[in-house]
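Source file work00.txt; content: compact mmCIF, C-alpha atoms and all ligand atoms.
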```
# COMPACT_ATOMS: atom_id res chain seq x y z
CA MET A 143 -34.94 7.53 -19.14
CA ARG A 144 -32.86 5.72 -16.53
CA VAL A 145 -33.51 6.81 -12.96
CA LEU A 146 -30.33 7.78 -11.18
CA THR A 147 -29.47 5.63 -8.19
CA GLU A 148 -27.99 7.03 -5.00
CA LYS A 149 -24.64 5.59 -6.13
CA ASP A 150 -24.88 7.41 -9.50
CA ILE A 151 -25.55 10.68 -7.70
CA LYS A 152 -22.58 10.16 -5.40
CA LEU A 153 -20.36 9.31 -8.36
CA ASN A 154 -21.40 12.52 -10.14
CA GLN A 155 -20.75 14.49 -6.99
CA LEU A 156 -17.31 12.87 -6.64
CA LYS A 157 -16.48 13.87 -10.23
CA GLN A 158 -17.48 17.47 -9.46
CA TYR A 159 -15.29 17.50 -6.36
CA GLN A 160 -12.40 16.00 -8.33
CA SER A 161 -12.63 18.86 -10.84
CA LEU A 162 -12.35 21.60 -8.19
CA SER A 163 -9.21 23.74 -7.98
CA LEU A 164 -6.69 22.77 -5.29
CA ARG A 165 -7.87 25.74 -3.20
CA GLY A 166 -11.47 24.47 -3.41
CA LYS A 167 -10.37 20.96 -2.49
CA VAL A 168 -8.44 22.17 0.55
CA ARG A 169 -11.53 24.10 1.78
CA LEU A 170 -13.71 21.02 1.37
CA THR A 171 -11.10 18.83 3.09
CA GLU A 172 -11.02 21.28 6.01
CA MET A 173 -14.82 20.98 6.33
CA ARG A 174 -14.59 17.16 6.47
CA ILE A 175 -11.82 17.38 9.08
CA HIS A 176 -13.92 19.74 11.26
CA GLU A 177 -16.93 17.39 10.98
CA TRP A 178 -14.87 14.36 12.07
CA HIS A 179 -13.08 16.22 14.84
CA GLU A 180 -16.38 17.54 16.26
CA ALA A 181 -18.20 14.21 15.93
CA PHE A 182 -15.62 12.51 18.18
CA GLU A 183 -14.87 15.56 20.35
CA GLY A 184 -11.24 15.63 19.31
CA MET A 185 -10.63 11.91 20.00
CA VAL A 186 -9.05 11.42 16.58
CA TYR A 187 -5.63 10.55 15.15
CA ILE A 188 -3.75 10.66 11.88
CA ALA A 189 -2.43 7.50 10.19
CA ILE A 190 0.79 8.80 8.61
CA SER A 191 3.32 7.32 6.17
CA GLY A 192 3.89 8.56 2.58
CA ALA A 193 3.28 11.77 0.61
CA ASP A 194 -0.54 11.62 0.60
CA SER A 195 -0.89 11.26 4.34
CA CYS A 196 1.90 13.81 4.98
CA CYS A 197 -0.09 16.41 2.98
CA MET A 198 -3.31 15.45 4.78
CA ALA A 199 -1.51 15.73 8.13
CA ASP A 200 -0.22 19.17 7.16
CA ILE A 201 -3.82 20.40 6.71
CA ILE A 202 -5.02 18.75 9.92
CA TRP A 203 -2.13 20.15 11.98
CA LYS A 204 -2.85 23.66 10.67
CA LEU A 205 -6.36 23.32 12.13
CA TYR A 206 -5.65 21.12 15.16
CA PRO A 207 -1.90 21.15 15.91
CA ASN A 208 -2.11 18.67 18.78
CA THR A 209 -3.75 15.85 16.83
CA PRO A 210 -1.61 12.76 17.42
CA ALA A 211 -0.33 10.76 14.47
CA VAL A 212 0.56 7.09 14.28
CA PHE A 213 3.21 5.57 12.03
CA ALA A 214 3.13 1.78 11.63
CA ASP A 215 6.76 0.75 11.25
CA THR A 216 6.52 -2.52 9.36
CA GLY A 217 10.30 -2.98 9.52
CA ASN A 218 10.01 -2.95 5.74
CA GLU A 219 10.22 0.82 5.26
CA LEU A 220 12.73 2.61 3.08
CA ASP A 221 15.39 4.21 5.27
CA SER A 222 14.35 7.66 4.04
CA VAL A 223 10.69 7.11 5.01
CA ARG A 224 11.67 6.23 8.57
CA ALA A 225 14.17 9.13 8.63
CA ASN A 226 11.42 11.53 7.57
CA ILE A 227 9.21 10.39 10.45
CA ASP A 228 12.12 10.72 12.92
CA GLU A 229 12.77 14.23 11.64
CA MET A 230 9.12 15.23 12.08
CA ILE A 231 9.23 13.92 15.65
CA ARG A 232 12.41 15.92 16.29
CA CYS A 233 10.56 19.00 15.01
CA GLY A 234 7.89 18.44 17.65
CA ARG A 235 5.17 16.66 15.68
CA PRO A 236 3.15 14.36 17.99
CA ILE A 237 3.85 11.05 16.23
CA GLU A 238 3.75 7.65 17.93
CA ILE A 239 5.45 4.70 16.24
CA VAL A 240 3.76 1.31 16.51
CA TYR A 241 5.29 -2.06 15.62
CA PRO A 242 3.94 -5.41 14.45
CA LYS A 243 4.52 -8.59 16.43
CA MET A 244 5.92 -10.40 13.37
CA SER A 245 8.65 -9.33 10.97
CA PHE A 246 8.08 -9.17 7.22
CA ASP A 247 10.49 -12.09 6.76
CA ASP A 248 8.45 -14.20 9.17
CA VAL A 249 5.22 -13.30 7.37
CA VAL A 250 6.79 -14.43 4.09
CA LYS A 251 8.15 -17.63 5.58
CA LYS A 252 4.93 -18.54 7.34
CA TYR A 253 2.21 -17.27 4.99
CA GLY A 254 3.84 -16.44 1.66
CA TYR A 255 4.67 -13.45 -0.53
CA PRO A 256 2.41 -10.44 -1.21
CA VAL A 257 2.27 -10.57 -5.03
CA VAL A 258 0.13 -9.10 -7.85
CA SER A 259 -2.73 -7.72 -5.66
CA LYS A 260 -4.58 -8.49 -2.45
CA LYS A 261 -7.43 -10.01 -4.42
CA VAL A 262 -5.33 -12.27 -6.65
CA SER A 263 -3.19 -13.43 -3.68
CA ASP A 264 -6.33 -14.23 -1.74
CA TYR A 265 -7.89 -16.25 -4.58
CA VAL A 266 -4.67 -18.14 -5.35
CA ASN A 267 -4.33 -18.97 -1.69
CA ARG A 268 -7.88 -20.31 -1.51
CA VAL A 269 -7.39 -22.56 -4.53
CA ARG A 270 -4.10 -23.90 -3.17
CA ARG A 271 -5.75 -24.80 0.13
CA THR A 272 -9.22 -25.94 -0.83
CA LYS A 273 -10.55 -29.41 -1.52
CA SER A 274 -13.81 -27.94 -2.79
CA ASP A 275 -14.45 -28.20 -6.55
CA GLN A 276 -16.89 -25.33 -6.23
CA VAL A 277 -14.22 -22.96 -4.89
CA LYS A 278 -11.89 -24.09 -7.68
CA ARG A 279 -14.60 -23.48 -10.32
CA ARG A 280 -15.27 -20.00 -8.92
CA HIS A 281 -11.64 -18.88 -8.97
CA LEU A 282 -10.33 -20.79 -11.97
CA LEU A 283 -13.32 -20.51 -14.30
CA GLY A 284 -15.22 -17.56 -12.81
CA GLN A 285 -18.39 -19.59 -12.24
CA ASN A 286 -20.86 -19.60 -9.36
CA ALA A 287 -22.22 -22.86 -7.89
CA ASP A 288 -25.28 -22.64 -10.20
CA GLY A 289 -23.05 -22.20 -13.26
CA SER A 290 -23.79 -18.49 -13.68
CA PRO A 291 -20.77 -16.29 -14.53
CA SER A 292 -18.82 -14.58 -11.76
CA PRO A 293 -15.99 -12.90 -13.69
CA MET A 294 -14.80 -10.81 -10.75
CA SER A 295 -14.05 -14.01 -8.79
CA LYS A 296 -11.78 -15.43 -11.46
CA ILE A 297 -8.00 -15.44 -11.13
CA PRO A 298 -6.80 -13.86 -14.40
CA ASN A 299 -5.35 -16.53 -16.72
CA LYS A 300 -1.97 -14.85 -16.53
CA TRP A 301 -1.74 -15.49 -12.78
CA GLN A 302 -3.20 -19.01 -12.57
CA LYS A 303 0.38 -20.33 -12.81
CA LEU A 304 0.90 -19.10 -9.23
CA ILE A 305 -1.24 -21.99 -8.01
CA ASP A 306 1.67 -24.33 -8.79
CA ALA A 307 4.45 -21.91 -7.83
CA PRO A 308 7.15 -23.19 -5.46
CA PHE A 309 6.07 -20.58 -2.90
CA ASP A 310 2.84 -19.51 -1.28
CA VAL A 311 1.28 -16.05 -1.67
CA THR A 312 -0.68 -14.05 0.86
CA ASN A 313 -3.08 -11.14 1.22
CA LYS A 314 -2.63 -11.02 5.01
CA CYS A 315 0.64 -9.08 5.16
CA CYS A 316 -0.89 -5.58 5.50
CA GLY A 317 -3.24 -6.83 8.19
CA ILE A 318 -0.37 -8.27 10.26
CA LEU A 319 2.21 -5.54 9.73
CA LYS A 320 0.08 -2.40 9.52
CA CYS A 321 -3.61 -2.77 10.41
CA LYS A 322 -3.18 -4.78 13.58
CA PRO A 323 -0.69 -2.48 15.35
CA THR A 324 -2.67 0.61 14.28
CA GLY A 325 -5.95 -1.05 15.29
CA GLU A 326 -4.50 -1.78 18.72
CA TYR A 327 -3.53 1.88 19.08
CA ALA A 328 -7.10 2.91 18.17
CA LYS A 329 -8.53 0.46 20.68
CA ARG A 330 -6.16 1.55 23.43
CA THR A 331 -6.85 5.27 22.96
CA GLY A 332 -10.45 5.19 21.71
CA ARG A 333 -9.44 7.55 18.88
CA LYS A 334 -10.80 7.46 15.30
CA ALA A 335 -8.47 7.66 12.30
CA PHE A 336 -7.85 10.17 9.54
CA VAL A 337 -6.51 8.18 6.57
CA GLY A 338 -4.92 9.70 3.45
CA THR A 339 -6.50 7.49 0.78
CA MET A 340 -8.01 8.68 -2.53
CA ALA A 341 -10.90 7.22 -4.55
CA ASP A 342 -8.84 7.62 -7.70
CA GLU A 343 -6.25 5.05 -6.53
CA SER A 344 -8.27 1.86 -6.87
CA PHE A 345 -11.66 0.37 -7.55
CA THR A 346 -11.85 -0.78 -3.90
CA ARG A 347 -11.31 2.75 -2.63
CA LEU A 348 -13.81 4.21 -5.10
CA ASN A 349 -16.39 1.68 -3.94
CA SER A 350 -15.63 2.44 -0.32
CA TYR A 351 -16.26 6.15 -1.03
CA LEU A 352 -19.55 5.42 -2.79
CA ASN A 353 -20.80 2.88 -0.25
CA HIS A 354 -19.61 4.38 3.03
CA GLY A 355 -20.79 7.96 3.22
CA GLY A 356 -18.10 9.61 1.07
CA CYS A 357 -15.14 11.01 2.99
CA ASN A 358 -16.30 10.45 6.54
CA ALA A 359 -17.18 6.79 6.93
CA PHE A 360 -19.36 6.95 10.04
CA ASP A 361 -21.23 3.79 9.02
CA GLN A 362 -18.16 1.61 8.45
CA LYS A 363 -17.22 -1.06 10.99
CA ASP A 364 -13.82 0.55 11.50
CA GLN A 365 -14.98 4.17 11.38
CA CYS A 366 -12.48 6.46 9.68
CA SER A 367 -12.25 9.78 7.89
CA ARG A 368 -10.69 10.03 4.41
CA PRO A 369 -10.71 13.82 3.99
CA ILE A 370 -8.68 13.85 0.74
CA MET A 371 -10.69 11.06 -0.88
CA PHE A 372 -11.70 13.34 -3.81
CA TRP A 373 -8.11 14.52 -4.50
CA LEU A 374 -6.00 13.28 -7.40
CA GLY A 375 -2.29 12.39 -7.33
CA GLN A 376 -1.45 15.69 -9.04
CA ASP A 377 -3.25 17.62 -6.26
CA VAL A 378 -1.03 16.03 -3.62
CA MET A 379 2.05 17.03 -5.61
CA GLU A 380 0.78 20.59 -6.06
CA TYR A 381 -0.08 20.87 -2.35
CA ALA A 382 3.37 19.54 -1.35
CA ARG A 383 5.09 22.05 -3.67
CA GLU A 384 3.08 25.05 -2.53
CA ASN A 385 3.22 24.26 1.18
CA PHE A 386 6.78 22.91 1.41
CA VAL A 387 5.55 19.68 2.96
CA ARG A 388 8.39 17.56 4.33
CA LEU A 389 8.50 14.33 2.28
CA PRO A 390 10.82 11.32 2.40
CA ARG A 391 13.93 11.68 0.23
CA ALA A 392 12.91 8.55 -1.66
CA TYR A 393 10.66 10.79 -3.76
CA ALA A 394 13.60 12.98 -4.75
CA GLU A 395 16.86 12.86 -6.60
CA GLU A 396 20.05 14.44 -5.40
CA GLU A 397 21.04 17.07 -7.94
CA SER A 398 24.14 18.21 -6.12
CA PRO A 399 25.43 17.55 -2.59
CA ASN A 400 22.78 18.78 -0.14
CA TYR A 401 20.38 19.82 -2.90
CA TRP A 402 17.42 17.57 -3.62
CA VAL A 403 14.79 17.98 -6.32
CA PHE A 404 11.47 16.33 -5.52
CA GLN A 405 9.31 16.99 -8.59
CA ARG A 406 9.71 17.88 -12.25
CA GLU A 407 7.11 19.10 -14.71
CA GLN A 408 6.60 16.81 -17.70
CA GLU A 409 6.13 17.82 -21.34
CA ASP A 410 2.37 17.31 -21.04
CA GLY A 411 2.15 19.72 -18.07
CA THR A 412 1.76 17.03 -15.38
CA TRP A 413 4.29 16.58 -12.59
CA ARG A 414 6.26 13.53 -11.48
CA TYR A 415 8.41 12.83 -8.47
CA CYS A 416 12.07 12.59 -9.47
CA GLY A 417 12.61 9.41 -7.41
CA ASP A 418 10.03 6.86 -6.29
CA GLN A 419 6.44 7.62 -7.28
CA ARG A 420 5.22 5.87 -4.11
CA THR A 421 6.94 4.91 -0.88
CA GLY A 422 5.17 1.78 0.31
CA CYS A 423 7.05 -1.11 1.89
CA LYS A 424 10.33 -1.64 0.08
CA PHE A 425 9.92 -5.41 -0.37
CA CYS A 426 6.25 -5.33 -1.33
CA LEU A 427 5.55 -7.09 -4.62
CA PHE A 428 1.94 -5.94 -4.98
CA GLY A 429 1.64 -4.17 -8.33
CA ILE A 430 5.33 -4.50 -9.23
CA HIS A 431 4.39 -6.12 -12.56
CA LEU A 432 2.78 -2.80 -13.57
CA GLU A 433 5.86 -0.64 -12.98
CA LYS A 434 7.56 0.83 -16.02
CA GLY A 435 11.33 1.20 -16.20
CA GLU A 436 13.41 0.52 -13.09
CA ASN A 437 11.13 -1.20 -10.60
CA ARG A 438 11.22 -0.85 -6.80
CA ILE A 439 13.38 -3.93 -6.25
CA GLN A 440 15.87 -2.97 -8.95
CA ARG A 441 16.00 0.51 -7.43
CA LEU A 442 16.99 -0.99 -4.09
CA ALA A 443 20.23 -2.21 -5.68
CA ARG A 444 21.10 1.46 -6.18
CA VAL A 445 19.70 3.14 -3.06
CA GLU A 446 19.79 0.40 -0.39
CA PRO A 447 22.25 -2.30 -1.55
CA ASP A 448 22.01 -4.26 1.72
CA SER A 449 18.22 -4.47 1.36
CA TYR A 450 18.61 -5.62 -2.24
CA ARG A 451 21.04 -8.35 -1.22
CA HIS A 452 18.68 -9.45 1.55
CA CYS A 453 15.62 -9.79 -0.65
CA ILE A 454 17.46 -11.66 -3.40
CA GLU A 455 19.62 -13.87 -1.22
CA GLY A 456 17.54 -14.13 1.95
CA LEU A 457 13.98 -13.99 0.61
CA ARG A 458 14.72 -15.51 -2.80
CA TYR A 459 13.06 -12.75 -4.80
CA ASP A 460 15.02 -13.98 -7.83
CA VAL A 461 12.80 -17.09 -7.93
CA VAL A 462 9.59 -15.21 -7.07
CA MET A 463 10.13 -12.41 -9.59
CA ASP A 464 11.16 -14.86 -12.33
CA GLU A 465 7.83 -16.59 -11.72
CA LEU A 466 6.02 -13.24 -11.95
CA GLY A 467 7.91 -12.42 -15.15
CA VAL A 468 9.39 -9.27 -13.60
CA GLU A 469 13.06 -8.31 -13.92
CA TRP A 470 15.05 -8.28 -10.67
CA LYS A 471 18.60 -7.76 -11.92
CA PRO A 472 19.80 -4.13 -11.53
CA VAL A 473 19.27 -1.83 -14.49
CA ARG A 474 22.61 -0.06 -14.39
CA GLU A 475 25.90 -1.70 -15.28
CA GLU A 476 27.51 -0.32 -12.07
CA GLU A 477 25.17 -2.34 -9.83
CA ARG A 478 25.28 -5.38 -12.13
CA ILE A 479 29.04 -5.46 -11.55
CA ILE A 480 28.67 -5.00 -7.77
CA PHE A 481 26.11 -7.83 -7.57
CA LYS A 482 27.67 -10.03 -10.28
CA LYS A 483 28.40 -12.95 -7.95
CA LEU A 484 24.89 -12.88 -6.49
CA ILE A 485 23.32 -12.71 -9.99
CA ASP A 486 25.49 -15.52 -11.33
CA GLU A 487 24.71 -17.76 -8.40
CA ALA A 488 20.99 -17.01 -8.19
CA GLY A 489 19.84 -19.64 -10.68
CA ARG A 490 22.26 -22.26 -9.44
CA ARG A 491 21.32 -21.89 -5.79
CA TYR A 492 17.66 -22.74 -6.37
CA ASP A 493 16.99 -26.47 -6.32
CA GLY A 494 13.21 -26.37 -6.67
CA GLU A 495 12.54 -26.71 -2.95
CA LEU A 496 9.49 -24.96 -1.50
CA LEU A 497 10.42 -21.43 -0.45
CA THR A 498 7.59 -20.98 2.04
CA HIS A 499 5.50 -23.24 4.15
CA GLY A 500 2.30 -21.22 4.04
CA CYS A 501 0.15 -23.89 2.41
CA ALA A 502 -0.76 -25.30 5.81
CA SER A 503 -4.35 -24.24 6.37
CA GLU A 504 -3.81 -23.98 10.15
CA ALA A 505 -1.37 -21.14 9.60
CA HIS A 506 -3.95 -19.19 7.61
CA ASN A 507 -6.71 -19.89 10.07
CA ASP A 508 -4.51 -18.58 12.92
CA THR A 509 -4.09 -15.34 11.02
CA ASP A 510 -7.78 -15.05 10.22
CA GLU A 511 -8.42 -15.14 13.94
CA ALA A 512 -5.66 -12.67 14.76
CA LEU A 513 -6.89 -10.19 12.18
CA LYS A 514 -10.59 -10.22 12.94
CA THR A 515 -10.86 -6.45 13.38
CA THR A 516 -7.94 -5.27 11.33
CA GLU A 517 -8.56 -5.88 7.63
CA ASP A 518 -9.03 -2.70 5.65
S1 LIG A 601 2.32 -2.84 1.68
FE1 LIG A 601 2.95 -4.92 1.03
S2 LIG A 601 4.74 -5.46 2.26
FE2 LIG A 601 3.77 -3.69 3.23
S3 LIG A 601 2.47 -4.54 4.77
FE3 LIG A 601 1.19 -4.32 2.94
S4 LIG A 601 1.36 -6.23 1.80
FE4 LIG A 601 3.00 -6.20 3.37
```

How does the structure come out when it is put into structure tokens?
Amino acid sequence: MRVLTEKDIKLNQLKQYQSLSLRGKVRLTEMRIHEWHEAFEGMVYIAISGADSCCMADIIWKLYPNTPAVFADTGNELDSVRANIDEMIRCGRPIEIVYPKMSFDDVVKKYGYPVVSKKVSDYVNRVRRTKSDQVKRRHLLGQNADGSPSPMSKIPNKWQKLIDAPFDVTNKCCGILKCKPTGEYAKRTGRKAFVGTMADESFTRLNSYLNHGGCNAFDQKDQCSRPIMFWLGQDVMEYARENFVRLPRAYAEEESPNYWVFQREQEDGTWRYCGDQRTGCKFCLFGIHLEKGENRIQRLARVEPDSYRHCIEGLRYDVVMDELGVEWKPVREEERIIFKKLIDEAGRRYDGELLTHGCASEAHNDTDEALKTTED
């Protein structure tokens, strides 16, 4: 019989927590919040942005109404996300807005585009910059120096074409636009963060839960509490419905003037937001290849036409998304007509010139230095 490791036990415990009712999960979340708040004698803050962190903040503010929150305005937010934060501030919520030193456009021009995933962007970047055959073997063939297999280090075959793309890609964008400004706030105030992430969202987050003390990561370099780590996406939706949590309009659809519907029950009993399912940065290309139906860039043509024009014309997303094999032309005929000239000219305008200049290793080394304490 196999002896259970500490990680196995934690994983089993996580599964039990994930199967609790929403009421049970809220009670457990409250316990984790109390633990964190007491451990740092109230010197804590909330990192706030989308639906998950808004629900987490709602629970924290019911227990500790004066807990400050921080919103990192990347300059790449949907208008409705920023409007939601402004409205919360008007209603008296203690939210401070922090800003990065670089704009998203400058990050793209200097370092490249955030595409596919942090991991794939990182590996592609390394191969583009390295002279080492060993690094190339690791990321192109998935082999260690001694020839043993290292499949997790391999760039999937599908994405190896990015190594020769006419633009660079980067995994540093979040660090520059989000982590650094928030990290500076934490340093300035000495406060420790509450973050609304969930283990269910990614392998990295699951691993972080299993390896760093569950919800309250006291042993992590950047200590933080993740009090809804054992929640699932459906729990957040249920909590938002039951507690009338204020969410950005991007999640909703306007049914009639002044009447917005945020969620609808599906045939299988699960719920979906009527609008965007997530409200990350509007120009982010991480994970866009996995979106079904109208993707976030196509949606911009409908909800923020100026932003759509900017990313196609100014940032050349037509070239980048063609390379990714992801559609960028609007779904609906109405927007295809509005943007006809831009669509027609897109192919003709591109002459094969490099879109970014991020291949210079000095640029990446500068960022490595600047981000020393900010990577999540
Ligand atoms: S979510 Fe995407 S666009 Fe936004 S900061 Fe992170 S990598 Fe950049």

(request) Excluding Val473 in chain A and residues on its chain fewer than 5 positions from it, collect all residues at most 9 Å away from it, counting only C-alpha atoms, and give them as a VMD selection string. (result) chain A and resid 435 to 436 440 to 441 443 478

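For ligand LIG 601 (chain A), the neighbouring polymer residues at 6 Å or closer are A:Pro256, A:Cys315, A:Cys316, A:Leu319, A:Lys320, A:Gly422, A:Cys423, A:Phe425, A:Cys426, all atoms listed in the file being used.
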
(request) Determine the nearest neighbour of Arg174 in chain A from the options A:Pro472, A:Gly356, A:Gly417, A:Gly234, counting all atoms listed in the file. (result)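 Distance minimum relative to Arg174 in chain A lands on A:Gly356.
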
Applying 12 Å and only C-alpha atoms, which residues near Val223 in chain A remain after dropping the ones on its own chain fewer than 3 positions away? List them as a PDB file with C-alpha atoms, in the frame of the given file.
```pdb
ATOM      1  CA  ILE A 190       0.790   8.800   8.610  1.00  0.00           C
ATOM      2  CA  SER A 191       3.320   7.320   6.170  1.00  0.00           C
ATOM      3  CA  GLY A 192       3.890   8.560   2.580  1.00  0.00           C
ATOM      4  CA  ALA A 193       3.280  11.770   0.610  1.00  0.00           C
ATOM      5  CA  CYS A 196       1.900  13.810   4.980  1.00  0.00           C
ATOM      6  CA  PHE A 213       3.210   5.570  12.030  1.00  0.00           C
ATOM      7  CA  ALA A 214       3.130   1.780  11.630  1.00  0.00           C
ATOM      8  CA  ASP A 215       6.760   0.750  11.250  1.00  0.00           C
ATOM      9  CA  THR A 216       6.520  -2.520   9.360  1.00  0.00           C
ATOM     10  CA  GLY A 217      10.300  -2.980   9.520  1.00  0.00           C
ATOM     11  CA  ASN A 218      10.010  -2.950   5.740  1.00  0.00           C
ATOM     12  CA  GLU A 219      10.220   0.820   5.260  1.00  0.00           C
ATOM     13  CA  LEU A 220      12.730   2.610   3.080  1.00  0.00           C
ATOM     14  CA  ASN A 226      11.420  11.530   7.570  1.00  0.00           C
ATOM     15  CA  ILE A 227       9.210  10.390  10.450  1.00  0.00           C
ATOM     16  CA  ASP A 228      12.120  10.720  12.920  1.00  0.00           C
ATOM     17  CA  GLU A 229      12.770  14.230  11.640  1.00  0.00           C
ATOM     18  CA  MET A 230       9.120  15.230  12.080  1.00  0.00           C
ATOM     19  CA  ARG A 388       8.390  17.560   4.330  1.00  0.00           C
ATOM     20  CA  LEU A 389       8.500  14.330   2.280  1.00  0.00           C
ATOM     21  CA  PRO A 390      10.820  11.320   2.400  1.00  0.00           C
ATOM     22  CA  ARG A 391      13.930  11.680   0.230  1.00  0.00           C
ATOM     23  CA  ALA A 392      12.910   8.550  -1.660  1.00  0.00           C
ATOM     24  CA  TYR A 393      10.660  10.790  -3.760  1.00  0.00           C
ATOM     25  CA  ALA A 394      13.600  12.980  -4.750  1.00  0.00           C
ATOM     26  CA  ASP A 418      10.030   6.860  -6.290  1.00  0.00           C
ATOM     27  CA  ARG A 420       5.220   5.870  -4.110  1.00  0.00           C
ATOM     28  CA  THR A 421       6.940   4.910  -0.880  1.00  0.00           C
ATOM     29  CA  GLY A 422       5.170   1.780   0.310  1.00  0.00           C
ATOM     30  CA  CYS A 423       7.050  -1.110   1.890  1.00  0.00           C
ATOM     31  CA  LYS A 424      10.330  -1.640   0.080  1.00  0.00           C
TER      32      LYS A 424
END
```

(message) For a test of reading the model, state the distance in Å between CA of Tyr255 in chain A and CA of Thr312 in chain A, rounded to one decimal.
(response) 5.6 Å

(request) Just give me the gap between CA of Arg279 in chain A and CA of Ser259 in chain A in Å, one decimal is fine. (result)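 Interatomic distance here is 20.3 Å.
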
(message) Which residue is closest to Leu156 in chain A? Choose from A:Arg406, A:Glu495, A:Met340, A:Pro399 and count only C-alpha atoms.
(response)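 Smallest distance to Leu156 in chain A is found for A:Met340.
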
(request) Would you mind telling me which residue in A:Ile318, A:Ile454, A:Leu162, A:Leu170 lies nearest to Phe246 in chain A when using all atoms listed in the file? (result)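 Closest candidate: A:Ile318.
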
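Of note, CA of Met379 in chain A and CA of Arg169 in chain A are spaced 17.0 Å apart.
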
(message) For a quick check of understanding, using all atoms listed in the file, which of A:Pro293, A:Gly355, A:Asp310, A:Gln408 has the smallest distance to Tyr253 in chain A?
(response) A:Asp310
